file coords-v2.tsv (TSV, C-alpha atoms)
chain	number	residue	atom	x	y	z
M	1	MET	CA	67.90	21.70	-9.41
M	2	LEU	CA	65.51	23.73	-11.54
M	3	VAL	CA	63.55	20.59	-12.28
M	4	CYS	CA	63.26	19.78	-8.57
M	5	ARG	CA	61.97	23.27	-7.80
M	6	LEU	CA	59.43	22.97	-10.63
M	7	VAL	CA	58.21	19.63	-9.31
M	8	ILE	CA	57.89	21.03	-5.78
M	9	ARG	CA	56.01	24.06	-7.12
M	10	LEU	CA	53.58	21.90	-9.10
M	11	PHE	CA	53.05	19.63	-6.11
M	12	THR	CA	52.31	22.65	-3.90
M	13	LEU	CA	49.75	23.96	-6.40
M	14	TYR	CA	48.17	20.51	-6.57
M	15	ILE	CA	47.83	20.32	-2.78
M	16	ARG	CA	46.28	23.81	-2.68
M	17	ALA	CA	43.81	22.79	-5.37
M	18	LEU	CA	42.81	19.71	-3.38
M	19	PHE	CA	42.39	21.86	-0.27
M	20	VAL	CA	40.18	24.37	-2.10
M	21	SER	CA	38.10	21.55	-3.57
M	22	ALA	CA	37.69	19.93	-0.16
M	23	LEU	CA	36.77	23.29	1.38
M	24	PHE	CA	34.18	23.86	-1.33
M	25	ILE	CA	32.66	20.44	-0.74
M	26	CYS	CA	32.52	21.05	3.01
M	27	VAL	CA	30.85	24.44	2.58
M	28	PHE	CA	28.36	22.97	0.11
M	29	SER	CA	27.61	20.10	2.49
M	30	LEU	CA	27.03	22.53	5.33
M	31	ASN	CA	24.53	24.39	3.18
M	32	VAL	CA	22.59	21.20	2.35
M	33	ALA	CA	20.75	19.82	5.39
M	34	ARG	CA	20.50	16.05	5.15
M	35	ALA	CA	17.87	13.90	6.84
M	36	GLU	CA	16.76	10.29	6.73
M	37	VAL	CA	13.20	9.00	6.95
M	38	THR	CA	12.68	5.29	7.51
M	39	LEU	CA	9.75	3.28	6.16
M	40	THR	CA	8.60	-0.19	7.19
M	41	SER	CA	9.13	-2.93	4.63
M	42	PRO	CA	6.93	-5.77	5.90
M	43	SER	CA	7.52	-9.33	4.75
M	44	GLY	CA	4.67	-10.81	2.76
M	45	ILE	CA	4.04	-7.65	0.72
M	46	SER	CA	4.96	-7.92	-2.96
M	47	GLU	CA	7.94	-5.98	-4.28
M	48	ILE	CA	5.63	-4.15	-6.71
M	49	ARG	CA	3.46	-2.78	-3.91
M	50	GLN	CA	6.42	-2.01	-1.66
M	51	LYS	CA	8.11	-0.03	-4.44
M	52	TYR	CA	4.90	1.90	-5.14
M	53	VAL	CA	4.50	3.00	-1.52
M	54	TYR	CA	8.22	3.79	-1.26
M	55	ASP	CA	8.01	5.94	-4.41
M	56	LEU	CA	5.01	7.83	-3.01
M	57	LEU	CA	6.84	8.65	0.21
M	58	VAL	CA	9.91	9.81	-1.71
M	59	LEU	CA	7.63	11.99	-3.86
M	60	ALA	CA	5.83	13.50	-0.85
M	61	LEU	CA	9.10	14.44	0.84
M	62	LYS	CA	10.52	15.81	-2.40
M	63	GLU	CA	7.49	18.07	-2.85
M	64	THR	CA	8.07	19.61	0.59
M	65	THR	CA	11.87	19.76	0.61
M	66	SER	CA	13.72	22.91	-0.41
M	67	ALA	CA	16.89	23.04	-2.51
M	68	SER	CA	18.93	23.45	0.68
M	69	GLN	CA	17.60	20.19	2.10
M	70	GLU	CA	17.97	16.55	1.22
M	71	THR	CA	15.81	13.73	2.60
M	72	ARG	CA	16.60	10.09	1.98
M	73	VAL	CA	14.04	7.30	2.47
M	74	THR	CA	15.35	4.01	3.81
M	75	SER	CA	13.28	0.81	3.94
M	76	ILE	CA	13.48	-1.14	7.20
M	77	PRO	CA	12.46	-4.83	7.08
M	78	THR	CA	9.71	-5.68	9.56
M	79	ASN	CA	7.69	-8.77	10.40
M	80	THR	CA	4.38	-9.51	8.72
M	81	GLY	CA	1.36	-8.03	10.49
M	82	TYR	CA	0.06	-4.61	11.43
M	83	SER	CA	0.97	-4.95	15.10
M	84	ALA	CA	4.69	-5.35	14.32
M	85	SER	CA	4.75	-2.19	12.20
M	86	THR	CA	2.67	-0.27	14.74
M	87	TYR	CA	5.06	-1.25	17.53
M	88	ALA	CA	8.11	-0.26	15.48
M	89	VAL	CA	6.73	3.23	14.83
M	90	LYS	CA	5.46	3.77	18.40
M	91	LYS	CA	8.89	2.88	19.78
M	92	GLY	CA	10.68	5.17	17.34
M	93	LYS	CA	12.48	2.33	15.57
M	94	VAL	CA	10.91	3.37	12.24
M	95	ASP	CA	9.47	6.73	11.19
M	96	VAL	CA	6.66	5.77	8.81
M	97	THR	CA	4.46	2.74	8.20
M	98	TYR	CA	1.35	2.08	6.10
M	99	PHE	CA	-1.70	-0.18	6.20
M	100	PRO	CA	-5.52	-0.02	6.11
M	101	ALA	CA	-6.95	2.35	8.69
M	102	ASN	CA	-9.12	1.40	11.64
M	103	THR	CA	-10.17	3.04	14.88
M	104	GLU	CA	-7.77	0.97	17.01
M	105	VAL	CA	-4.59	1.97	15.19
M	106	GLU	CA	-5.72	5.61	15.02
M	107	THR	CA	-5.61	5.71	18.82
M	108	GLN	CA	-1.95	4.65	18.70
M	109	LEU	CA	-0.53	6.34	15.61
M	110	LEU	CA	-1.15	9.51	13.62
M	111	PRO	CA	-2.90	8.81	10.29
M	112	ILE	CA	-2.06	10.79	7.16
M	113	ARG	CA	-5.47	10.64	5.53
M	114	ILE	CA	-4.69	10.34	1.84
M	115	PRO	CA	-5.65	6.90	0.44
M	116	LEU	CA	-2.44	5.66	-1.16
M	117	TYR	CA	-4.21	3.19	-3.47
M	118	LYS	CA	-7.11	5.58	-4.16
M	119	GLY	CA	-9.45	3.12	-2.44
M	120	LEU	CA	-8.65	0.19	-4.73
M	121	MET	CA	-7.62	-2.11	-1.87
M	122	GLY	CA	-11.30	-2.22	-0.92
M	123	TYR	CA	-12.32	-3.72	-4.28
M	124	ARG	CA	-11.91	-7.47	-3.87
M	125	THR	CA	-12.32	-10.27	-6.38
M	126	LEU	CA	-13.05	-13.86	-5.41
M	127	LEU	CA	-10.55	-16.66	-5.79
M	128	ILE	CA	-12.13	-20.08	-6.38
M	129	GLN	CA	-11.46	-23.51	-7.76
M	130	ALA	CA	-12.00	-23.28	-11.51
M	131	LYS	CA	-14.31	-26.30	-11.51
M	132	ASN	CA	-16.75	-24.39	-9.26
M	133	GLN	CA	-17.35	-21.42	-11.58
M	134	SER	CA	-20.79	-22.72	-12.59
M	135	LYS	CA	-21.80	-22.80	-8.92
M	136	PHE	CA	-20.79	-19.17	-8.49
M	137	ASP	CA	-22.68	-18.27	-11.68
M	138	ASN	CA	-25.85	-19.05	-9.76
M	139	LEU	CA	-25.14	-16.88	-6.72
M	140	HIS	CA	-27.12	-13.63	-6.82
M	141	SER	CA	-27.40	-12.37	-3.23
M	142	LEU	CA	-25.22	-11.65	-0.23
M	143	LYS	CA	-27.24	-14.16	1.77
M	144	GLN	CA	-26.09	-16.91	-0.59
M	145	PHE	CA	-22.44	-15.87	-0.25
M	146	LYS	CA	-22.73	-15.68	3.53
M	147	ASN	CA	-23.79	-19.33	3.66
M	148	ILE	CA	-20.74	-20.56	1.72
M	149	LEU	CA	-17.56	-21.15	3.70
M	150	GLN	CA	-14.87	-18.57	2.95
M	151	GLY	CA	-11.17	-18.45	3.81
M	152	ALA	CA	-9.74	-15.26	5.32
M	153	GLY	CA	-6.49	-13.99	6.80
M	154	SER	CA	-6.43	-14.01	10.59
M	155	ARG	CA	-4.86	-10.53	10.55
M	156	TRP	CA	-6.74	-9.02	7.60
M	157	ARG	CA	-8.79	-5.88	8.27
M	158	THR	CA	-11.52	-7.38	6.06
M	159	THR	CA	-11.94	-10.41	8.32
M	160	LYS	CA	-13.58	-8.26	10.99
M	161	VAL	CA	-15.86	-6.92	8.27
M	162	LEU	CA	-16.87	-10.51	7.45
M	163	ALA	CA	-17.62	-11.18	11.12
M	164	HIS	CA	-19.74	-8.02	11.35
M	165	HIS	CA	-21.81	-9.10	8.34
M	166	GLU	CA	-22.13	-12.69	9.62
M	167	PHE	CA	-20.25	-14.53	6.88
M	168	LYS	CA	-19.11	-18.11	7.46
M	169	TYR	CA	-15.33	-18.24	7.36
M	170	ILE	CA	-12.21	-19.94	8.62
M	171	THR	CA	-8.84	-18.24	8.97
M	172	ALA	CA	-5.17	-18.85	8.33
M	173	GLU	CA	-2.24	-16.63	9.23
M	174	ARG	CA	-0.63	-16.45	5.79
M	175	THR	CA	-1.99	-15.97	2.27
M	176	SER	CA	0.12	-18.91	1.09
M	177	SER	CA	-1.70	-21.13	3.60
M	178	LEU	CA	-5.08	-19.90	2.37
M	179	LEU	CA	-4.16	-20.76	-1.23
M	180	LYS	CA	-3.13	-24.28	-0.21
M	181	MET	CA	-6.34	-24.74	1.77
M	182	LEU	CA	-8.48	-23.51	-1.13
M	183	ASP	CA	-6.60	-25.76	-3.51
M	184	ILE	CA	-7.53	-28.86	-1.50
M	185	GLY	CA	-11.12	-27.73	-0.92
M	186	ARG	CA	-11.06	-26.69	2.76
M	187	PHE	CA	-13.37	-23.81	1.79
M	188	GLU	CA	-15.09	-22.51	-1.34
M	189	TYR	CA	-13.46	-19.12	-1.90
M	190	THR	CA	-11.29	-16.38	-0.55
M	191	THR	CA	-10.98	-12.73	-1.62
M	192	ARG	CA	-8.04	-10.76	-2.99
M	193	GLY	CA	-7.72	-7.01	-3.48
M	194	ILE	CA	-7.61	-5.79	-7.07
M	195	ILE	CA	-4.16	-4.37	-6.45
M	196	GLU	CA	-3.03	-7.86	-5.42
M	197	THR	CA	-4.04	-9.35	-8.79
M	198	PRO	CA	-0.51	-9.60	-10.30
M	199	GLU	CA	0.89	-11.59	-7.37
M	200	THR	CA	-2.30	-13.69	-7.18
M	201	LEU	CA	-2.06	-14.68	-10.85
M	202	GLN	CA	1.64	-15.38	-10.44
M	203	ALA	CA	0.90	-17.75	-7.56
M	204	ILE	CA	-1.82	-19.50	-9.59
M	205	ASP	CA	0.43	-19.92	-12.63
M	206	LYS	CA	3.32	-21.23	-10.55
M	207	ASN	CA	1.67	-23.45	-7.95
M	208	TYR	CA	-2.13	-23.61	-8.16
M	209	PRO	CA	-3.40	-24.34	-11.70
M	210	LYS	CA	-6.76	-25.50	-10.30
M	211	LEU	CA	-7.55	-22.00	-9.00
M	212	LYS	CA	-8.89	-18.95	-10.83
M	213	ILE	CA	-10.30	-15.48	-10.26
M	214	GLU	CA	-14.08	-15.81	-10.28
M	215	ASP	CA	-15.85	-14.16	-13.23
M	216	ASN	CA	-18.90	-12.38	-11.81
M	217	THR	CA	-18.34	-10.78	-8.44
M	218	ILE	CA	-16.73	-7.84	-6.67
M	219	PHE	CA	-16.95	-7.26	-2.93
M	220	TYR	CA	-16.29	-3.70	-1.82
M	221	THR	CA	-15.61	-2.28	1.62
M	222	GLU	CA	-14.00	1.03	2.56
M	223	LEU	CA	-10.37	0.07	3.11
M	224	PRO	CA	-8.23	3.21	2.83
M	225	VAL	CA	-4.50	2.55	3.14
M	226	TYR	CA	-2.72	5.47	4.82
M	227	PHE	CA	0.76	6.39	5.91
M	228	PHE	CA	1.02	6.46	9.72
M	229	VAL	CA	3.63	8.13	11.95
M	230	SER	CA	4.16	8.42	15.69
M	231	LYS	CA	1.87	10.80	17.53
M	232	GLN	CA	5.11	12.45	18.66
M	233	ARG	CA	5.90	13.42	15.04
M	234	PRO	CA	3.11	15.78	13.92
M	235	GLU	CA	5.63	17.83	11.91
M	236	LEU	CA	6.52	14.75	9.83
M	237	ALA	CA	2.83	13.95	9.33
M	238	LYS	CA	2.22	17.51	8.10
M	239	LYS	CA	5.21	17.33	5.75
M	240	ILE	CA	4.05	14.07	4.18
M	241	TYR	CA	0.41	15.18	3.95
M	242	THR	CA	1.34	18.50	2.33
M	243	GLY	CA	3.64	16.73	-0.12
M	244	LEU	CA	1.00	14.21	-1.17
M	245	VAL	CA	-1.61	16.94	-1.64
M	246	LYS	CA	0.79	18.97	-3.80
M	247	ALA	CA	1.61	15.86	-5.82
M	248	ALA	CA	-2.10	15.09	-6.29
M	249	HIS	CA	-2.70	18.62	-7.59
M	250	ASN	CA	0.30	18.87	-9.91
M	251	GLY	CA	-0.16	15.41	-11.43
M	252	GLU	CA	2.96	13.77	-9.99
M	253	PHE	CA	0.91	11.45	-7.76
M	254	ASP	CA	-0.98	10.16	-10.81
M	255	LYS	CA	2.28	9.47	-12.65
M	256	VAL	CA	3.41	7.16	-9.85
M	257	PHE	CA	-0.06	5.65	-9.50
M	258	ASP	CA	-0.49	5.03	-13.24
M	259	ALA	CA	2.89	3.31	-13.47
M	260	PHE	CA	1.76	0.99	-10.66
M	261	TYR	CA	-1.80	0.47	-11.92
M	262	GLN	CA	-0.72	-0.52	-15.43
M	263	MET	CA	0.74	-3.70	-13.89
M	264	ILE	CA	-2.78	-4.81	-12.95
M	265	PRO	CA	-4.36	-6.98	-15.69
M	266	SER	CA	-7.13	-5.22	-17.59
M	267	GLY	CA	-9.46	-8.21	-18.06
M	268	LEU	CA	-11.40	-7.94	-14.81
M	269	ASN	CA	-14.55	-6.71	-16.65
M	270	PHE	CA	-16.10	-4.46	-14.02
M	271	ASP	CA	-19.16	-3.78	-16.14
M	272	LYS	CA	-20.05	-7.49	-16.16
M	273	ARG	CA	-19.71	-8.04	-12.43
M	274	ASN	CA	-22.19	-7.91	-9.57
M	275	PHE	CA	-21.10	-5.44	-6.90
M	276	TYR	CA	-21.62	-6.23	-3.20
M	277	TYR	CA	-21.00	-3.42	-0.72
M	278	LEU	CA	-20.03	-4.37	2.84
M	279	LYS	CA	-19.88	-1.45	5.23
M	280	ASN	CA	-16.67	-1.37	7.26
M	281	PRO	CA	-17.58	-0.90	10.96
M	282	GLN	CA	-13.95	-0.30	11.99
M	283	LEU	CA	-13.54	3.22	10.57
M	284	SER	CA	-13.65	6.47	12.51
M	285	ALA	CA	-16.13	9.05	11.25
M	286	GLU	CA	-13.29	11.22	9.92
M	287	THR	CA	-11.67	8.33	8.06
M	288	ARG	CA	-15.00	7.18	6.62
M	289	ALA	CA	-15.74	10.63	5.23
M	290	ASN	CA	-12.22	10.89	3.86
M	291	ALA	CA	-12.38	7.45	2.25
M	292	LEU	CA	-15.59	8.31	0.45
M	293	ASN	CA	-14.67	11.82	-0.65
M	294	PHE	CA	-10.93	12.32	-1.12
M	295	TRP	CA	-10.62	10.92	-4.64
M	296	GLN	CA	-14.21	11.65	-5.65
M	297	LYS	CA	-13.17	14.14	-8.35
M	298	GLN	CA	-10.04	12.30	-9.41
M	299	VAL	CA	-11.33	8.74	-9.89
M	300	LYS	CA	-14.39	7.58	-11.78
M	301	SER	CA	-16.29	4.84	-9.97
M	302	PRO	CA	-16.50	1.58	-11.93
M	303	VAL	CA	-19.89	0.79	-13.47
M	304	PHE	CA	-21.19	-2.55	-12.22
M	305	LYS	CA	-23.91	-4.81	-13.57
M	306	THR	CA	-25.82	-5.08	-10.27
M	307	VAL	CA	-25.25	-3.39	-6.91
M	308	HIS	CA	-26.10	-4.97	-3.54
M	309	PHE	CA	-25.66	-3.37	-0.11
M	310	SER	CA	-25.09	-4.76	3.36
M	311	HIS	CA	-24.88	-2.30	6.29

call {"tool": "encode", "arguments": {"input": "coords-v2.tsv", "output": "structure tokens"}}
result
Amino acid sequence: MLVCRLVIRLFTLYIRALFVSALFICVFSLNVARAEVTLTSPSGISEIRQKYVYDLLVLALKETTSASQETRVTSIPTNTGYSASTYAVKKGKVDVTYFPANTEVETQLLPIRIPLYKGLMGYRTLLIQAKNQSKFDNLHSLKQFKNILQGAGSRWRTTKVLAHHEFKYITAERTSSLLKMLDIGRFEYTTRGIIETPETLQAIDKNYPKLKIEDNTIFYTELPVYFFVSKQRPELAKKIYTGLVKAAHNGEFDKVFDAFYQMIPSGLNFDKRNFYYLKNPQLSAETRANALNFWQKQVKSPVFKTVHFSH
């Protein structure tokens, strides 16, 4: 009988302990406000670049979230193309997206004007057939490049820049299609952003041994990649902007950026390349000023062998 009473007593204490623990957890949960922010995860973007942008958004929200709050970022798969991501954010299906700015999208969404790649998307190397390197060695002006047929993405922001500067080009919807077309000689070259170098080299090594990154040339156009949110969410835009600014000032942004940038091969030899500037006509005045000035103190401009301009 004594044993039974002891067992009942211990069981009662155990139940009380569970109740107190559960109560504590509930009170703690009530004190921590939880929120979720969703981010587009478009197909066709490498895992490396998607992780980088995801990490930056997590960092921005962390910098502006108090100890009594908790914000989780969730990636939402979306179709390739800027219009699909723009539609998803406008309709409230996703909170945040990212892509190169232009005046059209800025009329539909709210830009958070901090260049996520520090402007590096605008630096573009040429992809050619290796056997044609000697031909490209003898190109020394934009006029010469404009007269050679180029391949471009039908949805790339840079394709409208090519049209503005009267380049000869043909388009394909997907990068994989452009690589196949270049491989069989449908055109002479295409361009790839410096930040796309790892995936470009991977594609060459795996499927296109006849292709290479050209040795002498860099095209540059202002191509700032921003976060965008719905115009109905100015408070979220402010939160992300403030967080990114704080991270830029305290060095946390650079930690994320440096971890990403170290994946880009170092043998691009900026100092041996000719630099061709192509003004981007698609930028608003505010975005153009921001693209030129935001990272001016943080990033040293590469030194190029020769600089050419096309306005």

call {"tool": "closest_residue", "arguments": {"input": "coords-v2.tsv", "among": "M:Thr64, M:Ser176, M:Asn290, M:Thr159", "to": "M:Ile240", "atoms": "all atoms listed in the file"}}
result
M:Thr64

call {"tool": "closest_atom_pairs", "arguments": {"input": "coords-v2.tsv", "of": "stretch 148-173 of chain M", "to": "stretch 76-93 of chain M", "cutoff": "12 Å", "atoms": "only C-alpha atoms", "output": "Markdown table"}}
result
| residue | atom | partner | partner_atom | distance |
| --- | --- | --- | --- | --- |
| M:Gly153 | CA | M:Gly81 | CA | 10.5 |
| M:Ser154 | CA | M:Gly81 | CA | 9.8 |
| M:Arg155 | CA | M:Gly81 | CA | 6.7 |
| M:Trp156 | CA | M:Gly81 | CA | 8.7 |
| M:Arg157 | CA | M:Tyr82 | CA | 9.5 |
| M:Glu173 | CA | M:Gly81 | CA | 9.4 |

call {"tool": "write_last_selection", "arguments": {"input": "coords-v2.tsv", "atoms": "C-alpha atoms", "output": "mmCIF file, keeping the file's coordinate frame"}}
result
data_model
loop_
_atom_site.group_PDB
_atom_site.id
_atom_site.type_symbol
_atom_site.label_atom_id
_atom_site.label_comp_id
_atom_site.auth_asym_id
_atom_site.auth_seq_id
_atom_site.Cartn_x
_atom_site.Cartn_y
_atom_site.Cartn_z
ATOM 1 C CA GLY M 153 -6.490 -13.990 6.800
ATOM 2 C CA SER M 154 -6.430 -14.010 10.590
ATOM 3 C CA ARG M 155 -4.860 -10.530 10.550
ATOM 4 C CA TRP M 156 -6.740 -9.020 7.600
ATOM 5 C CA ARG M 157 -8.790 -5.880 8.270
ATOM 6 C CA GLU M 173 -2.240 -16.630 9.230
#

call {"tool": "closest_residue", "arguments": {"input": "coords-v2.tsv", "among": "M:Ser134, M:Ser141, M:Asp55, M:Ser41", "to": "M:Tyr98", "atoms": "all atoms listed in the file"}}
result
M:Ser41

call {"tool": "residues_around", "arguments": {"input": "coords-v2.tsv", "residues": "M:Glu166", "least_positions_apart": "6", "cutoff": "10 Å", "atoms": "only C-alpha atoms", "output": "MDAnalysis selection string"}}
result
chainID M and resid 143 146:147 160

call {"tool": "residues_near_point", "arguments": {"input": "coords-v2.tsv", "point": "(14.8, 1.9, 6.5)", "cutoff": "7 Å", "atoms": "all atoms listed in the file", "output": "list in words"}}
result
Thr38, Leu39, Thr40, Val73, Thr74, Ser75 and Ile76 of chain M

call {"tool": "atom_distance", "arguments": {"input": "coords-v2.tsv", "atom1": "atom CA of M:Leu244", "atom2": "atom CA of M:Gln108"}}
result
22.2 Å

call {"tool": "atom_distance", "arguments": {"input": "coords-v2.tsv", "atom1": "atom CA of M:Leu283", "atom2": "atom CA of M:Val229"}}
result
17.9 Å

call {"tool": "closest_residue", "arguments": {"input": "coords-v2.tsv", "among": "M:Asp215, M:Glu63, M:Asp137, M:Asp254", "to": "M:Tyr117", "atoms": "only C-alpha atoms"}}
result
M:Asp254

call {"tool": "closest_residue", "arguments": {"input": "coords-v2.tsv", "among": "M:Ile112, M:Leu139, M:Leu127, M:Val37", "to": "M:Ala203", "atoms": "all atoms listed in the file"}}
result
M:Leu127

call {"tool": "closest_residue", "arguments": {"input": "coords-v2.tsv", "among": "M:Thr71, M:Gln133, M:Thr221, M:Ser230", "to": "M:Tyr189", "atoms": "all atoms listed in the file"}}
result
M:Gln133

call {"tool": "closest_residue", "arguments": {"input": "coords-v2.tsv", "among": "M:Asp271, M:Asp183, M:Glu252, M:Asp258", "to": "M:Asn216", "atoms": "all atoms listed in the file"}}
result
M:Asp271

call {"tool": "residues_around", "arguments": {"input": "coords-v2.tsv", "residues": "M:Ala60", "least_positions_apart": "2", "cutoff": "9 Å", "atoms": "only C-alpha atoms", "output": "PyMOL selection string"}}
result
chain M and resi 55-58+62-65+239-247+253

call {"tool": "atom_distance", "arguments": {"input": "coords-v2.tsv", "atom1": "atom CA of M:Asn207", "atom2": "atom CA of M:Val161"}}
result
29.0 Å

call {"tool": "decode", "arguments": {"input": "coords-v2.tsv", "residues": "stretch 185-211 of chain M", "atoms": "N, CA and C atoms", "output": "PDB file, in the first residue's frame"}}
result
ATOM      1  N   GLY M 185      28.528  27.080 -83.574  1.00  0.00           N
ATOM      2  CA  GLY M 185      28.921  28.190 -84.429  1.00  0.00           C
ATOM      3  C   GLY M 185      27.791  29.047 -84.954  1.00  0.00           C
ATOM      4  N   ARG M 186      26.625  29.062 -84.284  1.00  0.00           N
ATOM      5  CA  ARG M 186      25.525  29.906 -84.727  1.00  0.00           C
ATOM      6  C   ARG M 186      25.853  31.389 -84.568  1.00  0.00           C
ATOM      7  N   PHE M 187      26.734  31.718 -83.649  1.00  0.00           N
ATOM      8  CA  PHE M 187      27.226  33.084 -83.468  1.00  0.00           C
ATOM      9  C   PHE M 187      28.635  33.006 -82.910  1.00  0.00           C
ATOM     10  N   GLU M 188      29.288  34.163 -82.766  1.00  0.00           N
ATOM     11  CA  GLU M 188      30.719  34.187 -82.436  1.00  0.00           C
ATOM     12  C   GLU M 188      30.996  34.233 -80.927  1.00  0.00           C
ATOM     13  N   TYR M 189      30.094  34.863 -80.174  1.00  0.00           N
ATOM     14  CA  TYR M 189      30.335  34.976 -78.734  1.00  0.00           C
ATOM     15  C   TYR M 189      29.047  35.306 -78.002  1.00  0.00           C
ATOM     16  N   THR M 190      29.066  35.066 -76.720  1.00  0.00           N
ATOM     17  CA  THR M 190      28.033  35.554 -75.825  1.00  0.00           C
ATOM     18  C   THR M 190      28.737  36.110 -74.595  1.00  0.00           C
ATOM     19  N   THR M 191      28.023  36.738 -73.686  1.00  0.00           N
ATOM     20  CA  THR M 191      28.658  37.296 -72.498  1.00  0.00           C
ATOM     21  C   THR M 191      28.096  36.631 -71.246  1.00  0.00           C
ATOM     22  N   ARG M 192      28.935  36.582 -70.214  1.00  0.00           N
ATOM     23  CA  ARG M 192      28.534  36.017 -68.927  1.00  0.00           C
ATOM     24  C   ARG M 192      29.047  36.930 -67.827  1.00  0.00           C
ATOM     25  N   GLY M 193      28.204  37.168 -66.813  1.00  0.00           N
ATOM     26  CA  GLY M 193      28.626  37.991 -65.688  1.00  0.00           C
ATOM     27  C   GLY M 193      29.757  37.322 -64.909  1.00  0.00           C
ATOM     28  N   ILE M 194      30.640  38.141 -64.355  1.00  0.00           N
ATOM     29  CA  ILE M 194      31.750  37.597 -63.578  1.00  0.00           C
ATOM     30  C   ILE M 194      31.243  36.663 -62.478  1.00  0.00           C
ATOM     31  N   ILE M 195      30.139  37.030 -61.850  1.00  0.00           N
ATOM     32  CA  ILE M 195      29.636  36.199 -60.759  1.00  0.00           C
ATOM     33  C   ILE M 195      29.082  34.873 -61.268  1.00  0.00           C
ATOM     34  N   GLU M 196      28.895  34.759 -62.581  1.00  0.00           N
ATOM     35  CA  GLU M 196      28.418  33.507 -63.170  1.00  0.00           C
ATOM     36  C   GLU M 196      29.565  32.602 -63.618  1.00  0.00           C
ATOM     37  N   THR M 197      30.808  33.022 -63.363  1.00  0.00           N
ATOM     38  CA  THR M 197      31.971  32.277 -63.839  1.00  0.00           C
ATOM     39  C   THR M 197      32.006  30.827 -63.359  1.00  0.00           C
ATOM     40  N   PRO M 198      31.754  30.544 -62.067  1.00  0.00           N
ATOM     41  CA  PRO M 198      31.836  29.131 -61.630  1.00  0.00           C
ATOM     42  C   PRO M 198      30.904  28.207 -62.402  1.00  0.00           C
ATOM     43  N   GLU M 199      29.649  28.629 -62.597  1.00  0.00           N
ATOM     44  CA  GLU M 199      28.705  27.770 -63.308  1.00  0.00           C
ATOM     45  C   GLU M 199      29.029  27.699 -64.796  1.00  0.00           C
ATOM     46  N   THR M 200      29.606  28.803 -65.348  1.00  0.00           N
ATOM     47  CA  THR M 200      30.013  28.795 -66.755  1.00  0.00           C
ATOM     48  C   THR M 200      31.140  27.795 -66.983  1.00  0.00           C
ATOM     49  N   LEU M 201      32.154  27.824 -66.129  1.00  0.00           N
ATOM     50  CA  LEU M 201      33.281  26.892 -66.253  1.00  0.00           C
ATOM     51  C   LEU M 201      32.831  25.453 -66.031  1.00  0.00           C
ATOM     52  N   GLN M 202      31.894  25.270 -65.126  1.00  0.00           N
ATOM     53  CA  GLN M 202      31.364  23.923 -64.886  1.00  0.00           C
ATOM     54  C   GLN M 202      30.675  23.381 -66.135  1.00  0.00           C
ATOM     55  N   ALA M 203      29.895  24.244 -66.795  1.00  0.00           N
ATOM     56  CA  ALA M 203      29.209  23.834 -68.025  1.00  0.00           C
ATOM     57  C   ALA M 203      30.213  23.510 -69.130  1.00  0.00           C
ATOM     58  N   ILE M 204      31.276  24.313 -69.244  1.00  0.00           N
ATOM     59  CA  ILE M 204      32.308  24.067 -70.250  1.00  0.00           C
ATOM     60  C   ILE M 204      32.989  22.727 -69.990  1.00  0.00           C
ATOM     61  N   ASP M 205      33.394  22.516 -68.748  1.00  0.00           N
ATOM     62  CA  ASP M 205      34.105  21.276 -68.403  1.00  0.00           C
ATOM     63  C   ASP M 205      33.241  20.043 -68.649  1.00  0.00           C
ATOM     64  N   LYS M 206      31.955  20.166 -68.398  1.00  0.00           N
ATOM     65  CA  LYS M 206      31.062  19.005 -68.473  1.00  0.00           C
ATOM     66  C   LYS M 206      30.574  18.737 -69.891  1.00  0.00           C
ATOM     67  N   ASN M 207      30.247  19.796 -70.638  1.00  0.00           N
ATOM     68  CA  ASN M 207      29.549  19.580 -71.909  1.00  0.00           C
ATOM     69  C   ASN M 207      30.143  20.285 -73.125  1.00  0.00           C
ATOM     70  N   TYR M 208      30.958  21.323 -72.916  1.00  0.00           N
ATOM     71  CA  TYR M 208      31.381  22.146 -74.055  1.00  0.00           C
ATOM     72  C   TYR M 208      32.888  22.399 -74.044  1.00  0.00           C
ATOM     73  N   PRO M 209      33.690  21.364 -74.275  1.00  0.00           N
ATOM     74  CA  PRO M 209      35.157  21.530 -74.228  1.00  0.00           C
ATOM     75  C   PRO M 209      35.715  22.450 -75.302  1.00  0.00           C
ATOM     76  N   LYS M 210      34.918  22.738 -76.337  1.00  0.00           N
ATOM     77  CA  LYS M 210      35.398  23.631 -77.403  1.00  0.00           C
ATOM     78  C   LYS M 210      35.288  25.104 -77.016  1.00  0.00           C
ATOM     79  N   LEU M 211      34.579  25.394 -75.916  1.00  0.00           N
ATOM     80  CA  LEU M 211      34.367  26.785 -75.526  1.00  0.00           C
ATOM     81  C   LEU M 211      35.382  27.224 -74.467  1.00  0.00           C
TER      82      LEU M 211
END
